[in-house]
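The next block holds one structure in the form of structure tokens; read it before the comments.
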Amino acid sequence: MTGFKGFSAYYTTLFSHLPNQEQSVILEKLWEMDPYHKEWDFIYAVYSAISQDLAKDNIYLEEWVQTSVKHLNILPRDSYMCQLGWKLVRLDDGTHSLERDSEVSSRALVSRQSGGLSMNGLDLLMRCMGEGLPVAETNLGAIIKKLSDATSGIISINTTESADTPATTDPTSSGAFRCLVATDPRLAMAALLGVPADDLESDGIGFRVFF
């Protein structure tokens, strides 16, 4: 249930007005029926691999999840309950429970899931950085190396590549990494070399990007 940690970190604010015990029961029930277990497991696995590095930039699970969900078509908080047919009801004793509309069409969920979208941990990191995740240049090199290390296993979703596939272990093969090169080649080079970008400039290293 590792994915549940990310799931609960994201959706718990929906029930912040409830006692902690009720929150836990409700979140566990929602998780049991949630159609995105695979996506949540992926998000949390990537976070676990680099959490110590992210913590150096004061990035913790809540912020990581908040930035990650949109890249995997996970339902946003404000529409989650409605789109899945859930309703929070208050019982006579003052506690709360969940009811579900049995007529909610499962076809509406299929289009929301990641489906055939292939992505590895490095792709997700670069996409999150593109959304403003504040990873410092000094930490980025170490993070990329961890997510690209085939010896410890490449974290991926909807892929058939094995951990020792060269294309998977090369950070530059990531589409998201190429986007970083296009938008900030200085930062991309610093990430690959594992050094601060300012050090590259002080050493007289220039950048030329071809498309």
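Order determines the names: the first chain of the structure tokens is A, the second B, and so forth; residues in each chain are numbered 1 upward, and ligands are numbered 1 upward as they are shown.
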If you count only C-alpha atoms, which residues fall within 8 Å of range 44-55 of chain A, apart from same-chain ones fewer than 5 positions away, as a PyMOL selection string? chain A and resi 2-3+5-6+60-61+64+121+135+139+142-143+146-147+155
Hey, what does DSSP flag as alpha helix (DSSP H) within range 17-121 of chain A? Can you give it to me as a count of residues only? 53
Expressed in Å to a single decimal, how great is the separation between CA of Lys38 in chain A and CA of Met129 in chain A? 22.1 Å
Closest of A:Ile26, A:Pro19, A:Glu62, A:Ile154 to Val89 in chain A - atom-to-atom distances counting only C-alpha atoms: A:Ile26
Given only C-alpha atoms as the basis, pick out the residue of A:His96, A:Glu63, A:Phe42, A:Leu84 nearest to Gln21 in chain A.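 Looking at the shortest contact to Gln21 in chain A, the residue is A:His96.
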In Å, rounded to a single decimal, give me how far CA of Leu75 in chain A is from CA of Tyr11 in chain A.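 Going from CA of Tyr11 in chain A over to CA of Leu75 in chain A, I get 10.1 Å.
If you measure from each of A:Cys82, A:Leu72, A:Ile59, A:Leu14 to Asn158 in chain A using only C-alpha atoms, the closest one turns out to be A:Leu72.
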Go through A:Ser79, A:Phe7, A:Pro134, A:Ser118 one by one, measure the shortest atom-to-atom distance of each to Asp41 in chain A using only C-alpha atoms, and give the residue with the smallest value. A:Phe7
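The smallest atom-to-atom distance between Phe4 in chain A and any of A:Glu137, A:Asp101, A:Glu22, A:Glu28, using only C-alpha atoms, is found for A:Glu28.
Taking CA of Lys29 in chain A as the reference point, CA of Glu103 in chain A is found at 18.6 Å.
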Closest to His71 in chain A among A:Gly130, A:Gly94, A:Gly85, A:Pro35, using only C-alpha atoms?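 Nearest to His71 in chain A: A:Gly130.
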